[in-house]
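Undergrad: Shown below is the structure under consideration.
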Amino acid sequence: MVSNKELANIIFPDIKETIEDLEKRYPARKLKEGAEVTRFAPSPTGFLHTGSLFTSMICRKVASQTGGIFYVRLEDTDTKREIQGSGEQLLSQLKIFNVVPDEGYLGDHEEGKYGPYVQSKRADIYKVAIKYLIEQGRAYPCFCTPEELDEIRKEQEKNKLNPGYYGEFARCRNLSNDEVKERIQNGESFVIRFKSNGNHLNKIMVHDLVHGDFEIAQNDQDIVIYKGDGLPTYHFAHCVDDHFMRTTTVIRGEEWISSLPIHVELFEAMGWKAPKYAHLPVIMKIDAETGNKRKLSKRKDNEAAVSFFLEDGYPAEALIMYLMTIANTNFEEWILNNKFENMQDFTFSFDKMCLDGALFDTGKMNFFAREILGKMNKQEIVERALAYSKQYKPELFELINRDPAYFGEIMNIEKDKENPRKDYEKFGDLIERIGFFYKDNYDVLLENPLPFNEKATKENIIEILEALKEGLSLEQDEQSWFNNMKEIGVAHGYAGNRQEYKANPEAYKGLIGDVAEILRITLSGRKNSPNLYYVMRILGKEECDRRIDKVVSLLK
RNA sequence: GGCCCUAUGGAGAAGCGGCUUAACUCAUCGCCCUCUCAAGGCGACAUCCACGGGUUCGAAUCCCGUUAGGGUCACCA
């Protein structure tokens, strides 16, 4: 008669370490009371998801504000879906958002005493734990083939029973150790399942940092904990890793709530105290086809990939601020009061978190982006725009790099005022917005008809342009310049102020604003631009005249 | 389908039994401003808090039921 211990040795003959050895190797962390150890545990299966940024940002915040530790663990147990290099990329993107781990997997190397932090390198650690479970009679090898499993499922569906591997359906659960030994020695392939003691009809009470207490059915599934490829499944790796890495609070997406009973039972079986859990709401979007809310999908939604915002040239802070408004409902008011500064001083708390998945609101994110770019000084804007365009937009890089100081002047228009302009939200559309400042770009614009107002006739446009070219001087302050333009406008039949115009619109060709608009469109090719006075000063009298001449000849 | 989570305006929300004629922010729409746009200022925008019952002198707020939306039921995480 083969004992559990013998069986465990047959399965893992090379594993000599024990749970006690591991406990010694990974001792409790020496942190002050209340310090939280959090972790971000991504799978290297692609780009950083916006939801993952959300989670990891909160992990970072919680650890920082409690004086704890935030680490990253790479969950690469799904070798089939793994994408080479995505681990490094994940880390470098986190860094852009200033979500920097204290320890763990850092992309090019690992740091910390609780490693390795890459699950595929921890195979032996899991084996120690599984061996222990086999010895305790809480885990057993299962020889069922996918076909058999399928068969079981079909039978369950037919009889309207809960699907899964449990109770009477757990065919390998009660195999004798002798038989198991024989089948293993015959070379049959197997996985290892956890032997659940739970009953689906019993409820357990669980506590969640964001949802509070709730009841949920006990786990009764004999889940796979050790796969055919020698690696553990998520559930088991979570239990072992978060125990030995001494995680105090597991922060993860809401989709994990339903597997909480499994985790609770796993920790119980190992004789370990389970960490605290915080299940975060998922970020949603309205599906264009169905009109229903659904989780942000990497396949369907650009917003799902953090790289989308980076490519578009949004300042990283904007996304973080926006995500924080979803994370904590009181954040928005706080950051407004703090003039969009010193975000790190905000205190996050789980009970200020919304419970329902929020719809991703690009409009609100744009608002934050405008504020942030509006506050950025000239030097920083130039540096950032250069860095952005170098990586993502060569045409823009070429433009800026011709003369970074010139670009700085453009971006700096009305920046020093009490209420600085806030018209840029991302670097991605800069060419479109300010390209006209560059001669060659401007000339290309003229290939298309200029967007003049319908009420302005060709003759009127030519007349006022020629008058402005002749009489408008840039060698004066803004106020005088404006008066100068107004006089010219009035002399050519435009109203100098709104009241006069409104009182008798028929008497005028238009308002002084229309004069400015004609000039603006002529010089920039656009209906909107920064302050005209500064646009002209930056362009210079000579270039302004050249542009007026060009447009006039085009109209004629 | 089972189980779990959630439910206040276009979006994010405050509200924790009377202080609410339901804060605040974004968006939208008006108006104002010595130039467009933006900013800024002012104003509008929930016949009432998913629906139906109940408790109470009194409910968005407490209880019950219903409905809707979401999540989850793998040798994926």
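FYI, nothing fancy with the structure tokens labels: chains A, B, ... in order, residues from 1 per chain, ligands from 1 as they appear.
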Residues of chain B within 12 Å of chain A, counting only C-alpha atoms (C1' of nucleotides) - could you list those as a VMD selection string?
TA: chain B and resid 1 to 7 10 to 14 23 to 28 32 to 40 68 to 77
Undergrad: Tell me, which residues of region 59-137 of chain A carry DSSP strand (DSSP E or B), written as a list in words?
TA: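 Here is the list: Ile69, Phe70, Tyr71, Val72, Leu74, Glu103, Gly104, Tyr105, Glu110, Glu111 and Val118 of chain A.
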Undergrad: Please produce a file of the residues just selected, as a PDB file, in the first residue's frame, where the atoms kept are N, CA and C atoms.
TA:
ATOM      1  N   ILE A  69       5.658  48.305   0.512  1.00  0.00           N
ATOM      2  CA  ILE A  69       6.434  47.891  -0.655  1.00  0.00           C
ATOM      3  C   ILE A  69       5.488  47.569  -1.801  1.00  0.00           C
ATOM      4  N   PHE A  70       5.875  48.015  -2.977  1.00  0.00           N
ATOM      5  CA  PHE A  70       5.131  47.643  -4.178  1.00  0.00           C
ATOM      6  C   PHE A  70       6.098  46.889  -5.078  1.00  0.00           C
ATOM      7  N   TYR A  71       5.720  45.694  -5.448  1.00  0.00           N
ATOM      8  CA  TYR A  71       6.617  44.944  -6.321  1.00  0.00           C
ATOM      9  C   TYR A  71       5.869  44.388  -7.537  1.00  0.00           C
ATOM     10  N   VAL A  72       6.631  44.001  -8.536  1.00  0.00           N
ATOM     11  CA  VAL A  72       6.046  43.420  -9.738  1.00  0.00           C
ATOM     12  C   VAL A  72       6.481  41.967  -9.858  1.00  0.00           C
ATOM     13  N   LEU A  74       6.097  38.714 -12.528  1.00  0.00           N
ATOM     14  CA  LEU A  74       5.692  38.371 -13.887  1.00  0.00           C
ATOM     15  C   LEU A  74       5.033  36.996 -13.894  1.00  0.00           C
ATOM     16  N   GLU A 103      10.540  46.732  -5.773  1.00  0.00           N
ATOM     17  CA  GLU A 103      11.316  45.505  -5.952  1.00  0.00           C
ATOM     18  C   GLU A 103      10.594  44.606  -6.951  1.00  0.00           C
ATOM     19  N   GLY A 104      11.225  43.467  -7.230  1.00  0.00           N
ATOM     20  CA  GLY A 104      10.605  42.505  -8.113  1.00  0.00           C
ATOM     21  C   GLY A 104      11.182  42.504  -9.504  1.00  0.00           C
ATOM     22  N   TYR A 105      10.362  42.097 -10.431  1.00  0.00           N
ATOM     23  CA  TYR A 105      10.761  42.051 -11.832  1.00  0.00           C
ATOM     24  C   TYR A 105      10.776  43.474 -12.376  1.00  0.00           C
ATOM     25  N   GLU A 110      16.110  41.756 -11.827  1.00  0.00           N
ATOM     26  CA  GLU A 110      15.214  41.621 -10.684  1.00  0.00           C
ATOM     27  C   GLU A 110      15.888  42.186  -9.448  1.00  0.00           C
ATOM     28  N   GLU A 111      15.079  42.657  -8.559  1.00  0.00           N
ATOM     29  CA  GLU A 111      15.611  43.200  -7.322  1.00  0.00           C
ATOM     30  C   GLU A 111      14.756  42.714  -6.165  1.00  0.00           C
ATOM     31  N   VAL A 118       9.781  35.954 -11.329  1.00  0.00           N
ATOM     32  CA  VAL A 118       9.192  35.499 -12.585  1.00  0.00           C
ATOM     33  C   VAL A 118       8.734  34.070 -12.327  1.00  0.00           C
TER      34      VAL A 118
END
Undergrad: DSSP on the backbone, alpha helix (DSSP H) only: what residues of region 367-468 of chain A does that give? Format it as number ranges by chain.
TA: A: 367-375, 378-392, 394-402, 404-411, 430-434, 439-445, 458-468
Undergrad: For CA of Lys458 (chain A) and CA of Val444 (chain A), determine how far apart the two atoms are, in Å to one decimal place.
TA: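 Atom-to-atom, CA of Lys458 (chain A) to CA of Val444 (chain A), that is 21.1 Å.
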